$ cat protein31.csv   # CSV, C-alpha atoms
chain,number,residue,atom,x,y,z
J,195,MET,CA,1.2,37.6,5.4
J,196,SER,CA,3.4,35.8,7.9
J,197,LYS,CA,6.2,33.8,6.3
J,198,LYS,CA,5.0,30.8,8.0
J,199,PHE,CA,2.2,30.4,5.4
J,200,ILE,CA,4.5,30.7,2.4
J,201,ILE,CA,5.7,27.3,1.3
J,202,ASP,CA,7.5,26.0,-1.8
J,203,CYS,CA,6.1,23.5,-4.3
J,204,ASP,CA,8.0,20.6,-2.8
J,205,GLU,CA,6.4,21.2,0.6
J,206,ALA,CA,3.0,21.9,-0.9
J,207,THR,CA,2.9,18.6,-2.8
J,208,THR,CA,4.2,16.7,0.3
J,209,ILE,CA,1.2,18.1,2.2
J,210,CYS,CA,-1.0,17.2,-0.7
J,211,ASP,CA,0.2,13.6,-0.6
J,212,LYS,CA,-0.3,13.4,3.1
J,213,ASN,CA,-3.8,14.7,2.6
J,214,GLN,CA,-4.6,11.7,0.4
J,215,TYR,CA,-4.5,9.7,3.5
J,216,LYS,CA,-6.4,12.3,5.5
J,217,GLU,CA,-3.4,12.9,7.7
J,218,ALA,CA,-2.5,16.5,7.0
J,219,THR,CA,-3.0,18.8,9.9
J,220,PHE,CA,-5.3,21.8,9.9
J,221,LEU,CA,-2.3,24.2,9.6
J,222,GLU,CA,-0.8,22.2,6.7
J,223,LYS,CA,-4.1,22.2,4.8
J,224,LEU,CA,-4.3,26.0,5.3
J,225,LYS,CA,-0.8,26.4,3.9
J,226,LEU,CA,-1.6,24.2,1.0
J,227,SER,CA,-4.8,26.1,0.2
J,228,PHE,CA,-2.8,29.4,0.1
J,229,HIS,CA,-0.2,27.8,-2.1
J,230,LEU,CA,-2.8,26.5,-4.5
J,231,LEU,CA,-4.2,29.9,-5.0
J,232,ILE,CA,-1.0,31.1,-6.5
J,233,CYS,CA,0.5,28.0,-8.1
J,234,LYS,CA,-1.1,26.3,-11.1
J,235,LYS,CA,1.5,23.6,-11.4
J,236,CYS,CA,0.7,22.3,-7.9
J,237,GLY,CA,-3.0,22.8,-8.6
J,238,LEU,CA,-2.7,20.3,-11.5
J,239,TYR,CA,-0.6,18.0,-9.3
J,240,SER,CA,-3.2,18.1,-6.6
J,241,LYS,CA,-6.0,17.3,-9.0
J,242,GLN,CA,-4.1,14.4,-10.6
J,243,ASN,CA,-3.1,13.1,-7.2
J,244,THR,CA,-6.7,12.7,-6.3
J,245,THR,CA,-7.2,10.7,-9.5
J,246,VAL,CA,-4.1,8.5,-8.6
J,247,THR,CA,-5.7,7.8,-5.2
J,248,LYS,CA,-9.0,6.8,-6.9
J,249,VAL,CA,-7.1,4.5,-9.3
J,250,CYS,CA,-5.3,2.9,-6.3
J,251,ASN,CA,-8.6,2.5,-4.4
J,252,GLN,CA,-10.2,1.0,-7.4
J,253,HIS,CA,-7.5,-1.5,-8.4
J,254,LEU,CA,-5.3,-2.3,-5.4
J,255,HIS,CA,-7.8,-3.5,-2.9
J,256,LYS,CA,-9.9,-5.9,-4.7
J,257,CYS,CA,-9.5,-8.4,-7.4
J,258,GLU,CA,-12.2,-9.3,-9.9
J,259,THR,CA,-12.1,-13.0,-9.3
J,260,GLU,CA,-12.2,-15.0,-6.0
J,261,HIS,CA,-9.0,-16.9,-5.7
J,262,HIS,CA,-9.0,-20.2,-3.9
J,263,LEU,CA,-6.7,-23.2,-3.3
J,264,SER,CA,-7.5,-26.4,-5.1
J,265,GLU,CA,-8.9,-29.3,-3.2
J,266,ASN,CA,-5.6,-31.1,-3.6
J,267,GLU,CA,-3.6,-28.2,-2.2
J,268,LYS,CA,-6.0,-28.0,0.7
J,269,ALA,CA,-5.6,-31.7,1.5
J,270,VAL,CA,-1.8,-31.3,1.6
J,271,LEU,CA,-2.1,-28.2,3.8
J,272,GLN,CA,-4.5,-30.1,6.1
J,273,THR,CA,-2.0,-33.0,6.4
J,274,GLU,CA,0.8,-30.6,7.2
J,275,VAL,CA,-1.2,-28.8,9.9
J,276,ILE,CA,-2.3,-32.0,11.5
J,277,LYS,CA,1.3,-33.3,11.5
J,278,LYS,CA,2.3,-30.2,13.4
J,279,LEU,CA,-0.6,-30.5,15.8
J,280,LYS,CA,0.6,-33.9,17.1
O,165,MET,CA,-24.4,-12.0,26.7
O,166,SER,CA,-24.0,-10.2,23.5
O,167,GLU,CA,-22.3,-11.9,20.5
O,168,SER,CA,-19.3,-9.6,20.6
O,169,LEU,CA,-18.4,-10.4,24.2
O,170,LYS,CA,-18.4,-14.1,23.6
O,171,LYS,CA,-15.0,-15.6,24.1
O,172,HIS,CA,-13.5,-17.0,20.9
O,173,THR,CA,-11.7,-20.3,20.7
O,174,LEU,CA,-9.3,-21.9,18.3
O,175,ASN,CA,-10.0,-25.0,16.4
O,176,PRO,CA,-6.9,-25.9,14.4
O,177,ASN,CA,-8.3,-29.1,13.0
O,178,ASN,CA,-10.8,-27.0,11.1
O,179,TRP,CA,-8.5,-24.1,10.0
O,180,VAL,CA,-7.8,-25.3,6.5
O,181,LYS,CA,-11.4,-25.9,5.8
O,182,ALA,CA,-12.7,-22.7,7.4
O,183,HIS,CA,-10.0,-20.2,6.6
O,184,SER,CA,-7.5,-21.3,4.0
O,185,ASP,CA,-9.4,-19.8,1.1
O,186,TYR,CA,-9.9,-16.5,2.9
O,187,LEU,CA,-6.3,-16.3,3.9
O,188,TYR,CA,-5.1,-17.3,0.5
O,189,ASN,CA,-7.3,-14.7,-1.2
O,190,TYR,CA,-5.9,-12.0,1.2
O,191,ALA,CA,-2.4,-13.1,0.5
O,192,ILE,CA,-2.6,-13.5,-3.3
O,193,THR,CA,-4.1,-10.0,-3.8
O,194,ARG,CA,-1.0,-8.6,-2.0
O,195,ILE,CA,1.7,-10.9,-3.3
O,196,ASP,CA,0.5,-11.9,-6.7
O,197,ASN,CA,2.4,-15.2,-6.8
O,198,HIS,CA,0.5,-18.4,-6.2
O,199,GLU,CA,3.3,-20.6,-4.7
O,200,GLN,CA,4.5,-17.8,-2.4
O,201,ALA,CA,1.0,-17.0,-1.3
O,202,LYS,CA,0.3,-20.7,-0.6
O,203,ASP,CA,3.5,-21.0,1.4
O,204,ILE,CA,2.6,-18.0,3.4
O,205,VAL,CA,-0.8,-19.4,4.3
O,206,GLN,CA,0.9,-22.6,5.5
O,207,GLU,CA,3.4,-20.6,7.5
O,208,THR,CA,0.6,-18.6,9.0
O,209,PHE,CA,-1.1,-21.8,10.2
O,210,PHE,CA,2.2,-23.1,11.6
O,211,SER,CA,2.9,-19.9,13.5
O,212,GLY,CA,-0.7,-19.9,14.7
O,213,LEU,CA,-0.2,-23.3,16.2
O,214,LYS,CA,3.0,-22.2,17.9
O,215,ALA,CA,1.3,-19.1,19.3
O,216,ALA,CA,-2.0,-20.8,20.1
O,217,GLU,CA,-1.5,-20.6,23.9
O,218,ASN,CA,-1.2,-16.9,23.6
O,219,PHE,CA,-4.6,-16.6,22.0
O,220,ARG,CA,-6.8,-14.8,24.5
O,221,GLY,CA,-10.1,-15.1,22.7
O,222,GLN,CA,-10.7,-11.4,22.2
O,223,ALA,CA,-10.7,-11.5,18.5
O,224,SER,CA,-12.2,-14.1,16.3
O,225,GLU,CA,-10.1,-17.0,15.1
O,226,ARG,CA,-10.0,-15.5,11.6
O,227,THR,CA,-9.0,-12.0,12.7
O,228,TRP,CA,-6.3,-13.5,14.8
O,229,LEU,CA,-5.0,-15.6,11.9
O,230,ILE,CA,-5.1,-12.6,9.5
O,231,SER,CA,-3.0,-10.6,11.9
O,232,ILE,CA,-0.3,-13.3,11.8
O,233,LEU,CA,-0.7,-13.4,8.0
O,234,LYS,CA,-0.2,-9.6,7.8
O,235,ARG,CA,3.2,-9.9,9.5
O,236,LYS,CA,4.2,-12.7,7.2
O,237,ILE,CA,3.4,-10.5,4.2
O,238,ILE,CA,5.6,-7.7,5.6
O,239,ASP,CA,8.4,-10.1,6.1
O,240,TYR,CA,7.9,-11.2,2.5
O,241,TYR,CA,8.0,-7.6,1.2
O,242,ARG,CA,11.2,-7.2,3.2
O,243,LYS,CA,12.8,-10.3,1.8
O,244,ILE,CA,12.2,-9.4,-1.8
O,245,ASN,CA,13.6,-6.0,-1.0
O,246,SER,CA,16.9,-7.3,0.3
O,247,ARG,CA,17.1,-9.9,-2.4
O,248,LYS,CA,16.7,-7.5,-5.3
O,249,GLY,CA,19.0,-5.1,-3.4
O,250,LYS,CA,18.2,-2.4,-6.0
O,251,ALA,CA,19.8,0.9,-5.2
O,252,GLU,CA,17.4,3.8,-4.8
O,253,VAL,CA,17.2,5.6,-8.0
O,254,ARG,CA,16.1,9.0,-7.0
O,255,VAL,CA,14.3,11.1,-9.5
O,256,ASN,CA,14.3,14.7,-8.5
O,257,PHE,CA,11.2,16.8,-9.3
O,258,TYR,CA,12.4,20.0,-7.6
O,259,GLU,CA,15.2,22.4,-8.1
O,260,GLU,CA,18.1,22.8,-5.7
O,261,GLY,CA,20.0,25.9,-4.9
O,262,ASP,CA,18.5,29.3,-5.6
O,263,ASN,CA,15.2,27.9,-6.8
O,264,LYS,CA,15.0,25.3,-4.1
O,265,GLY,CA,11.6,23.6,-3.9
O,266,LYS,CA,10.4,24.9,-7.3
O,267,TRP,CA,9.3,22.4,-10.0
O,268,ILE,CA,11.9,21.3,-12.4
O,269,GLU,CA,10.4,22.6,-15.7
O,270,GLU,CA,10.4,19.3,-17.6
O,271,ARG,CA,8.9,17.4,-14.6
O,272,VAL,CA,5.9,19.7,-14.2
O,273,PRO,CA,2.7,17.7,-14.4
O,274,GLN,CA,1.2,17.7,-17.9
O,275,MET,CA,-2.4,18.1,-18.8
O,276,TRP,CA,-4.2,14.7,-18.8
O,277,ASP,CA,-6.8,13.5,-21.1
O,278,ASN,CA,-10.2,15.0,-20.2
O,279,GLU,CA,-11.6,11.6,-20.0
O,280,ALA,CA,-9.1,10.5,-17.3
O,281,GLU,CA,-11.8,10.3,-14.6
O,282,LYS,CA,-14.0,8.0,-16.7
O,283,GLN,CA,-11.1,5.6,-17.2
O,284,ILE,CA,-10.6,4.8,-13.6
O,285,GLU,CA,-12.5,1.6,-13.7
O,286,ASN,CA,-10.8,0.3,-16.8
O,287,VAL,CA,-9.4,-3.1,-16.1
O,288,GLU,CA,-6.3,-2.5,-18.2
O,289,LEU,CA,-5.5,0.4,-16.1
O,290,LYS,CA,-4.8,-2.1,-13.3
O,291,ASN,CA,-1.9,-3.5,-15.4
O,292,ALA,CA,-0.5,-0.1,-16.0
O,293,LEU,CA,-0.7,0.6,-12.2
O,294,ASP,CA,0.9,-2.7,-11.3
O,295,LYS,CA,3.8,-2.0,-13.7
O,296,CYS,CA,4.3,1.5,-12.3
O,297,ILE,CA,4.4,0.2,-8.8
O,298,ASP,CA,7.0,-2.4,-9.9
O,299,TYR,CA,9.1,0.4,-11.2
O,300,LEU,CA,9.3,2.1,-7.8
O,301,PRO,CA,12.5,1.8,-5.9
O,302,GLU,CA,12.1,-1.1,-3.4
O,303,LYS,CA,12.0,1.0,-0.3
O,304,TYR,CA,9.3,3.3,-1.8
O,305,ARG,CA,7.4,0.3,-2.9
O,306,LEU,CA,7.4,-1.3,0.5
O,307,VAL,CA,6.2,1.7,2.3
O,308,PHE,CA,3.7,2.5,-0.4
O,309,LEU,CA,2.2,-1.0,-0.4
O,310,MET,CA,2.1,-1.0,3.4
O,311,LYS,CA,0.2,2.2,3.4
O,312,ASN,CA,-2.1,1.6,0.4
O,313,VAL,CA,-2.6,-2.1,0.2
O,314,GLN,CA,-2.2,-3.2,3.8
O,315,ASN,CA,-3.7,0.0,5.2
O,316,PHE,CA,-1.3,0.1,8.1
O,317,GLU,CA,-1.4,3.1,10.4
O,318,THR,CA,1.5,5.6,9.9
O,319,GLU,CA,2.7,4.7,13.4
O,320,GLU,CA,2.8,1.0,12.7
O,321,ILE,CA,4.9,1.4,9.6
O,322,CYS,CA,7.3,3.8,11.4
O,323,ASN,CA,7.7,1.2,14.2
O,324,GLU,CA,8.1,-1.7,11.9
O,325,LEU,CA,10.7,0.0,9.6
O,326,ASP,CA,12.3,2.1,12.3
O,327,ILE,CA,11.8,5.4,10.5
O,328,THR,CA,10.3,8.7,11.7
O,329,ALA,CA,6.9,10.0,10.5
O,330,SER,CA,8.6,12.7,8.4
O,331,ASN,CA,10.8,10.1,6.7
O,332,LEU,CA,7.7,8.2,5.9
O,333,TRP,CA,6.0,11.1,4.3
O,334,VAL,CA,9.1,11.9,2.3
O,335,ILE,CA,9.1,8.4,1.0
O,336,ILE,CA,5.3,8.5,0.2
O,337,HIS,CA,5.8,11.8,-1.5
O,338,ARG,CA,8.6,10.5,-3.8
O,339,ALA,CA,6.7,7.3,-4.4
O,340,ARG,CA,3.5,9.1,-5.4
O,341,HIS,CA,5.5,11.5,-7.6
O,342,GLN,CA,7.0,8.7,-9.6
O,343,LEU,CA,3.7,6.9,-9.7
O,344,ARG,CA,1.9,9.9,-11.0
O,345,LYS,CA,4.5,10.5,-13.6
O,346,CYS,CA,4.5,6.9,-14.7
O,347,LEU,CA,0.8,6.8,-15.0
O,348,GLU,CA,0.9,10.0,-16.9
O,349,ASP,CA,3.5,8.6,-19.4
O,350,ASN,CA,1.9,5.2,-19.8
O,351,TRP,CA,-1.8,6.0,-19.6
O,352,PHE,CA,-3.2,9.4,-18.9
O,353,ALA,CA,-1.1,11.6,-21.2
O,354,LYS,CA,-3.1,13.3,-24.0
$ encode --input "protein31.csv" --output "C-alpha coordinates"
Amino acid sequence: MSKKFIIDCDEATTICDKNQYKEATFLEKLKLSFHLLICKKCGLYSKQNTTVTKVCNQHLHKCETEHHLSENEKAVLQTEVIKKLK
Amino acid sequence: MSESLKKHTLNPNNWVKAHSDYLYNYAITRIDNHEQAKDIVQETFFSGLKAAENFRGQASERTWLISILKRKIIDYYRKINSRKGKAEVRVNFYEEGDNKGKWIEERVPQMWDNEAEKQIENVELKNALDKCIDYLPEKYRLVFLMKNVQNFETEEICNELDITASNLWVIIHRARHQLRKCLEDNWFAK
(Lines of atoms letter the chains of each structure in order from A and count residues from 1; the text may use other names and numbers.)
(Lines give C-alpha, C1' and ligand atoms only; values in the text may rest on other atoms or scores of the structure.)
Protein backbone atom coordinates (compact mmCIF):
# COMPACT_ATOMS: atom_id res chain seq x y z
CA MET A 1 0.00 0.00 0.00
CA SER A 2 1.20 3.49 -0.66
CA LYS A 3 3.03 5.07 2.25
CA LYS A 4 0.66 7.96 2.04
CA PHE A 5 -1.99 5.90 3.76
CA ILE A 6 0.15 4.82 6.68
CA ILE A 7 -0.15 7.25 9.55
CA ASP A 8 0.95 7.12 13.17
CA CYS A 9 -1.32 7.21 16.23
CA ASP A 10 -0.74 10.90 16.80
CA GLU A 11 -1.96 11.76 13.32
CA ALA A 12 -4.81 9.25 13.50
CA THR A 13 -6.21 10.73 16.69
CA THR A 14 -5.79 14.26 15.32
CA ILE A 15 -7.98 13.30 12.37
CA CYS A 16 -10.38 11.65 14.78
CA ASP A 17 -10.65 14.92 16.73
CA LYS A 18 -11.19 16.88 13.54
CA ASN A 19 -13.89 14.44 12.59
CA GLN A 20 -15.80 15.26 15.76
CA TYR A 21 -16.53 18.61 14.13
CA LYS A 22 -17.19 16.99 10.74
CA GLU A 23 -14.19 18.78 9.31
CA ALA A 24 -11.95 15.86 8.33
CA THR A 25 -11.41 15.54 4.59
CA PHE A 26 -12.29 12.43 2.63
CA LEU A 27 -8.64 11.43 2.35
CA GLU A 28 -8.13 11.93 6.07
CA LYS A 29 -11.12 9.78 6.90
CA LEU A 30 -9.76 7.09 4.62
CA LYS A 31 -6.39 7.16 6.35
CA LEU A 32 -8.09 7.02 9.71
CA SER A 33 -10.18 4.00 8.73
CA PHE A 34 -7.06 2.14 7.62
CA HIS A 35 -5.30 2.99 10.82
CA LEU A 36 -8.24 1.88 12.95
CA LEU A 37 -8.16 -1.53 11.27
CA ILE A 38 -4.75 -2.21 12.73
CA CYS A 39 -4.69 -0.17 15.93
CA LYS A 40 -6.86 -1.10 18.91
CA LYS A 41 -5.59 1.76 21.07
CA CYS A 42 -6.77 4.38 18.61
CA GLY A 43 -9.97 2.40 18.16
CA LEU A 44 -10.66 2.83 21.83
CA TYR A 45 -9.71 6.51 21.67
CA SER A 46 -12.05 6.99 18.75
CA LYS A 47 -14.96 5.36 20.55
CA GLN A 48 -14.39 7.36 23.73
CA ASN A 49 -13.91 10.53 21.76
CA THR A 50 -17.44 10.16 20.40
CA THR A 51 -18.67 9.83 23.99
CA VAL A 52 -16.75 12.98 24.97
CA THR A 53 -18.49 14.83 22.12
CA LYS A 54 -21.87 13.60 23.30
CA VAL A 55 -21.07 14.69 26.85
CA CYS A 56 -20.11 18.15 25.59
CA ASN A 57 -23.21 18.45 23.44
CA GLN A 58 -25.35 17.43 26.35
CA HIS A 59 -23.85 19.68 28.99
CA LEU A 60 -22.13 22.64 27.39
CA HIS A 61 -24.86 24.12 25.28
CA LYS A 62 -27.80 24.33 27.53
CA CYS A 63 -28.49 24.87 31.14
CA GLU A 64 -31.33 23.31 33.05
CA THR A 65 -32.69 26.55 34.42
CA GLU A 66 -33.60 29.73 32.64
CA HIS A 67 -31.47 32.50 34.03
CA HIS A 68 -32.71 36.01 34.21
CA LEU A 69 -31.84 39.36 35.68
CA SER A 70 -33.83 40.63 38.62
CA GLU A 71 -36.32 43.45 38.08
CA ASN A 72 -34.04 45.69 40.07
CA GLU A 73 -31.03 44.90 37.89
CA LYS A 74 -33.08 45.53 34.80
CA ALA A 75 -34.20 48.90 36.11
CA VAL A 76 -30.57 49.90 36.70
CA LEU A 77 -29.64 48.67 33.26
CA GLN A 78 -32.52 50.58 31.70
CA THR A 79 -31.42 53.80 33.42
CA GLU A 80 -27.85 53.33 32.20
CA VAL A 81 -28.94 52.73 28.61
CA ILE A 82 -31.25 55.73 28.63
CA LYS A 83 -28.43 57.90 30.06
CA LYS A 84 -26.25 56.90 27.12
CA LEU A 85 -29.04 57.50 24.67
CA LYS A 86 -29.25 61.16 25.55
CA MET B 1 -43.28 41.24 0.93
CA SER B 2 -42.21 38.18 2.88
CA GLU B 3 -41.40 38.48 6.55
CA SER B 4 -37.71 37.72 6.03
CA LEU B 5 -37.20 40.60 3.63
CA LYS B 6 -38.69 43.12 5.98
CA LYS B 7 -36.19 45.72 7.10
CA HIS B 8 -35.43 45.56 10.77
CA THR B 9 -35.11 48.60 12.95
CA LEU B 10 -33.52 49.33 16.29
CA ASN B 11 -35.45 50.46 19.29
CA PRO B 12 -32.93 51.06 22.11
CA ASN B 13 -35.56 52.28 24.55
CA ASN B 14 -36.98 48.81 24.54
CA TRP B 15 -33.72 46.83 24.56
CA VAL B 16 -33.58 46.03 28.24
CA LYS B 17 -37.17 44.88 28.33
CA ALA B 18 -37.02 42.91 25.10
CA HIS B 19 -33.54 41.40 25.13
CA SER B 20 -31.75 41.68 28.45
CA ASP B 21 -32.86 38.25 29.72
CA TYR B 22 -32.03 36.59 26.46
CA LEU B 23 -28.58 38.16 26.28
CA TYR B 24 -27.93 37.48 29.94
CA ASN B 25 -28.92 33.85 29.53
CA TYR B 26 -26.60 33.55 26.54
CA ALA B 27 -23.75 35.13 28.49
CA ILE B 28 -24.19 33.29 31.77
CA THR B 29 -24.11 29.87 30.12
CA ARG B 30 -20.74 30.80 28.63
CA ILE B 31 -19.23 32.81 31.44
CA ASP B 32 -20.69 31.30 34.59
CA ASN B 33 -20.29 34.43 36.69
CA HIS B 34 -23.33 36.56 37.41
CA GLU B 35 -21.62 39.95 37.83
CA GLN B 36 -19.41 39.49 34.78
CA ALA B 37 -22.30 38.30 32.64
CA LYS B 38 -24.42 41.26 33.75
CA ASP B 39 -21.60 43.71 32.95
CA ILE B 40 -21.12 42.15 29.56
CA VAL B 41 -24.81 42.58 28.76
CA GLN B 42 -24.54 46.25 29.71
CA GLU B 43 -21.43 46.71 27.60
CA THR B 44 -23.23 45.04 24.72
CA PHE B 45 -26.03 47.59 24.91
CA PHE B 46 -23.51 50.45 25.09
CA SER B 47 -21.59 49.19 22.10
CA GLY B 48 -24.89 48.69 20.31
CA LEU B 49 -25.78 52.33 20.87
CA LYS B 50 -22.44 53.46 19.56
CA ALA B 51 -22.71 51.26 16.51
CA ALA B 52 -26.40 51.88 15.88
CA GLU B 53 -25.80 53.99 12.81
CA ASN B 54 -24.04 51.05 11.17
CA PHE B 55 -27.07 48.83 11.62
CA ARG B 56 -28.34 48.01 8.16
CA GLY B 57 -31.49 46.22 9.15
CA GLN B 58 -30.61 42.93 7.50
CA ALA B 59 -30.59 40.96 10.72
CA SER B 60 -33.10 41.23 13.50
CA GLU B 61 -32.28 43.51 16.39
CA ARG B 62 -31.66 40.53 18.65
CA THR B 63 -29.36 38.74 16.22
CA TRP B 64 -27.40 41.93 15.82
CA LEU B 65 -27.05 42.39 19.58
CA ILE B 66 -26.00 38.76 19.99
CA SER B 67 -23.22 39.24 17.45
CA ILE B 68 -21.91 42.12 19.56
CA LEU B 69 -22.27 40.03 22.70
CA LYS B 70 -20.29 37.19 21.12
CA ARG B 71 -17.33 39.51 20.56
CA LYS B 72 -17.53 40.69 24.14
CA ILE B 73 -17.39 37.10 25.33
CA ILE B 74 -14.29 36.41 23.26
CA ASP B 75 -12.69 39.52 24.75
CA TYR B 76 -13.61 38.23 28.16
CA TYR B 77 -12.09 34.80 27.51
CA ARG B 78 -8.99 36.62 26.31
CA LYS B 79 -8.79 38.80 29.39
CA ILE B 80 -8.99 35.90 31.79
CA ASN B 81 -6.31 34.21 29.72
CA SER B 82 -3.84 36.99 30.09
CA ARG B 83 -4.74 37.63 33.71
CA LYS B 84 -4.08 34.09 34.79
CA GLY B 85 -1.02 34.02 32.59
CA LYS B 86 -0.66 30.33 33.23
CA ALA B 87 2.09 28.69 31.27
CA GLU B 88 1.06 25.93 28.96
CA VAL B 89 1.64 22.66 30.73
CA ARG B 90 1.96 20.24 27.96
CA VAL B 91 1.18 16.64 28.62
CA ASN B 92 2.62 14.39 25.97
CA PHE B 93 0.61 11.41 24.87
CA TYR B 94 2.97 10.21 22.16
CA GLU B 95 6.54 9.00 22.00
CA GLU B 96 9.31 11.03 20.46
CA GLY B 97 12.35 9.70 18.62
CA ASP B 98 12.36 6.19 17.19
CA ASN B 99 8.80 5.50 18.23
CA LYS B 100 7.57 8.92 17.22
CA GLY B 101 3.80 9.19 17.07
CA LYS B 102 3.12 5.98 19.02
CA TRP B 103 1.10 6.05 22.25
CA ILE B 104 3.10 6.39 25.45
CA GLU B 105 2.18 3.17 27.22
CA GLU B 106 0.82 4.65 30.46
CA ARG B 107 -1.25 7.24 28.57
CA VAL B 108 -3.09 4.73 26.42
CA PRO B 109 -6.87 5.04 26.80
CA GLN B 110 -8.21 2.67 29.44
CA MET B 111 -11.40 0.68 29.14
CA TRP B 112 -14.37 2.63 30.42
CA ASP B 113 -17.31 1.47 32.40
CA ASN B 114 -19.73 -0.37 30.13
CA GLU B 115 -22.47 1.91 31.30
CA ALA B 116 -20.59 5.03 30.13
CA GLU B 117 -23.09 5.75 27.38
CA LYS B 118 -25.99 5.64 29.82
CA GLN B 119 -24.41 8.24 32.08
CA ILE B 120 -24.19 10.98 29.52
CA GLU B 121 -27.27 12.77 30.80
CA ASN B 122 -26.23 12.57 34.44
CA VAL B 123 -26.31 16.09 35.85
CA GLU B 124 -23.26 15.49 38.03
CA LEU B 125 -21.28 14.70 34.94
CA LYS B 126 -21.63 18.36 34.04
CA ASN B 127 -19.65 19.29 37.15
CA ALA B 128 -16.91 16.85 36.23
CA LEU B 129 -16.83 18.24 32.70
CA ASP B 130 -16.64 21.85 33.91
CA LYS B 131 -13.77 20.97 36.22
CA CYS B 132 -11.92 19.18 33.46
CA ILE B 133 -12.32 22.16 31.16
CA ASP B 134 -10.99 24.40 33.93
CA TYR B 135 -7.89 22.23 34.17
CA LEU B 136 -7.04 22.83 30.52
CA PRO B 137 -4.19 25.22 29.82
CA GLU B 138 -5.69 28.62 29.04
CA LYS B 139 -4.99 28.67 25.35
CA TYR B 140 -6.49 25.23 24.86
CA ARG B 141 -9.50 26.26 26.89
CA LEU B 142 -10.06 29.39 24.85
CA VAL B 143 -9.96 27.56 21.54
CA PHE B 144 -11.98 24.65 22.85
CA LEU B 145 -14.70 26.92 24.20
CA MET B 146 -14.82 28.97 21.03
CA LYS B 147 -15.23 25.82 19.01
CA ASN B 148 -17.58 23.89 21.28
CA VAL B 149 -19.59 26.46 23.14
CA GLN B 150 -19.65 29.43 20.83
CA ASN B 151 -19.73 27.22 17.75
CA PHE B 152 -17.42 29.47 15.80
CA GLU B 153 -16.25 28.39 12.37
CA THR B 154 -12.64 27.23 12.19
CA GLU B 155 -11.84 30.16 9.95
CA GLU B 156 -13.32 32.71 12.35
CA ILE B 157 -11.21 31.36 15.22
CA CYS B 158 -8.06 31.37 13.11
CA ASN B 159 -8.64 34.99 12.11
CA GLU B 160 -9.51 36.05 15.59
CA LEU B 161 -6.49 34.44 17.24
CA ASP B 162 -4.16 34.77 14.29
CA ILE B 163 -3.29 31.09 14.04
CA THR B 164 -3.34 28.67 11.12
CA ALA B 165 -5.91 25.93 10.73
CA SER B 166 -3.31 23.28 11.48
CA ASN B 167 -2.33 25.14 14.69
CA LEU B 168 -5.97 25.12 15.62
CA TRP B 169 -6.33 21.37 15.13
CA VAL B 170 -3.19 20.68 17.13
CA ILE B 171 -4.65 22.73 19.98
CA ILE B 172 -8.04 21.01 19.73
CA HIS B 173 -6.23 17.67 19.58
CA ARG B 174 -4.30 18.35 22.79
CA ALA B 175 -7.30 19.84 24.53
CA ARG B 176 -9.48 16.84 23.73
CA HIS B 177 -6.73 14.46 24.79
CA GLN B 178 -6.51 16.07 28.20
CA LEU B 179 -10.25 16.29 28.47
CA ARG B 180 -10.72 12.62 27.62
CA LYS B 181 -8.06 11.62 30.14
CA CYS B 182 -9.53 13.87 32.83
CA LEU B 183 -13.04 12.49 32.31
CA GLU B 184 -11.58 9.00 32.37
CA ASP B 185 -9.78 9.62 35.67
CA ASN B 186 -12.66 11.41 37.33
CA TRP B 187 -15.69 9.74 35.96
CA PHE B 188 -15.56 6.97 33.39
CA ALA B 189 -12.79 4.73 34.69
CA LYS B 190 -13.95 1.29 35.75
$ residues_around --input "protein31.csv" --residues "Asn251 of chain J" --least-positions-apart "2" --cutoff "12 Å" --atoms "all atoms listed in the file" --output "PyMOL selection string"
(chain J and resi 214-215+244-249+253-257) or (chain O and resi 284-285+290+293+311-315)
$ interface_residues --input "protein31.csv" --of "chain J" --to "chain O" --cutoff "10 Å" --atoms "all atoms listed in the file" --output "MDAnalysis selection string"
chainID J and resid 201:212 215 217 234:240 242:243 245:265 267:276 278:279
$ atom_distance --input "protein31.csv" --atom1 "atom CA of Ile327 of chain O" --atom2 "atom CA of Phe308 of chain O"
13.9 Å
$ residues_around --input "protein31.csv" --residues "Lys223 of chain J" --least-positions-apart "3" --cutoff "9 Å" --atoms "all atoms listed in the file" --output "list in words"
Ile209, Cys210, Asn213, Ala218, Thr219, Phe220, Leu226, Ser227 and Phe228 of chain J
$ write_last_selection --input "protein31.csv" --atoms "C-alpha atoms" --output "short mmCIF file (atom, residue, chain, number, x, y, z; two decimals), in the coordinates of the input"
data_model
loop_
_atom_site.label_atom_id
_atom_site.label_comp_id
_atom_site.auth_asym_id
_atom_site.auth_seq_id
_atom_site.Cartn_x
_atom_site.Cartn_y
_atom_site.Cartn_z
CA ILE J 209 1.20 18.10 2.20
CA CYS J 210 -1.00 17.20 -0.70
CA ASN J 213 -3.80 14.70 2.60
CA ALA J 218 -2.50 16.50 7.00
CA THR J 219 -3.00 18.80 9.90
CA PHE J 220 -5.30 21.80 9.90
CA LEU J 226 -1.60 24.20 1.00
CA SER J 227 -4.80 26.10 0.20
CA PHE J 228 -2.80 29.40 0.10
#
$ atom_distance --input "protein31.csv" --atom1 "atom CA of Trp351 of chain O" --atom2 "atom CA of Met310 of chain O"
24.4 Å
$ atom_distance --input "protein31.csv" --atom1 "atom CA of Tyr241 of chain O" --atom2 "atom CA of Leu306 of chain O"
6.4 Å
$ axis_aligned_box --input "protein31.csv" --around "segment 216-220 of chain O" --padding-each-side "6 Å" --output "JSON"
{"center_x": -4.0, "center_y": -17.8, "center_z": 22.3, "size_x": 17.6, "size_y": 18.0, "size_z": 16.4}
$ closest_residue --input "protein31.csv" --among "O:Ile238, O:Ala182, O:Ile232, O:Cys346" --to "Asp298 of chain O" --atoms "all atoms listed in the file"
O:Cys346
$ closest_residue --input "protein31.csv" --among "O:Ile297, O:Ile204, O:Ala215, O:Val255" --to "Lys234 of chain O" --atoms "only C-alpha atoms"
O:Ile204
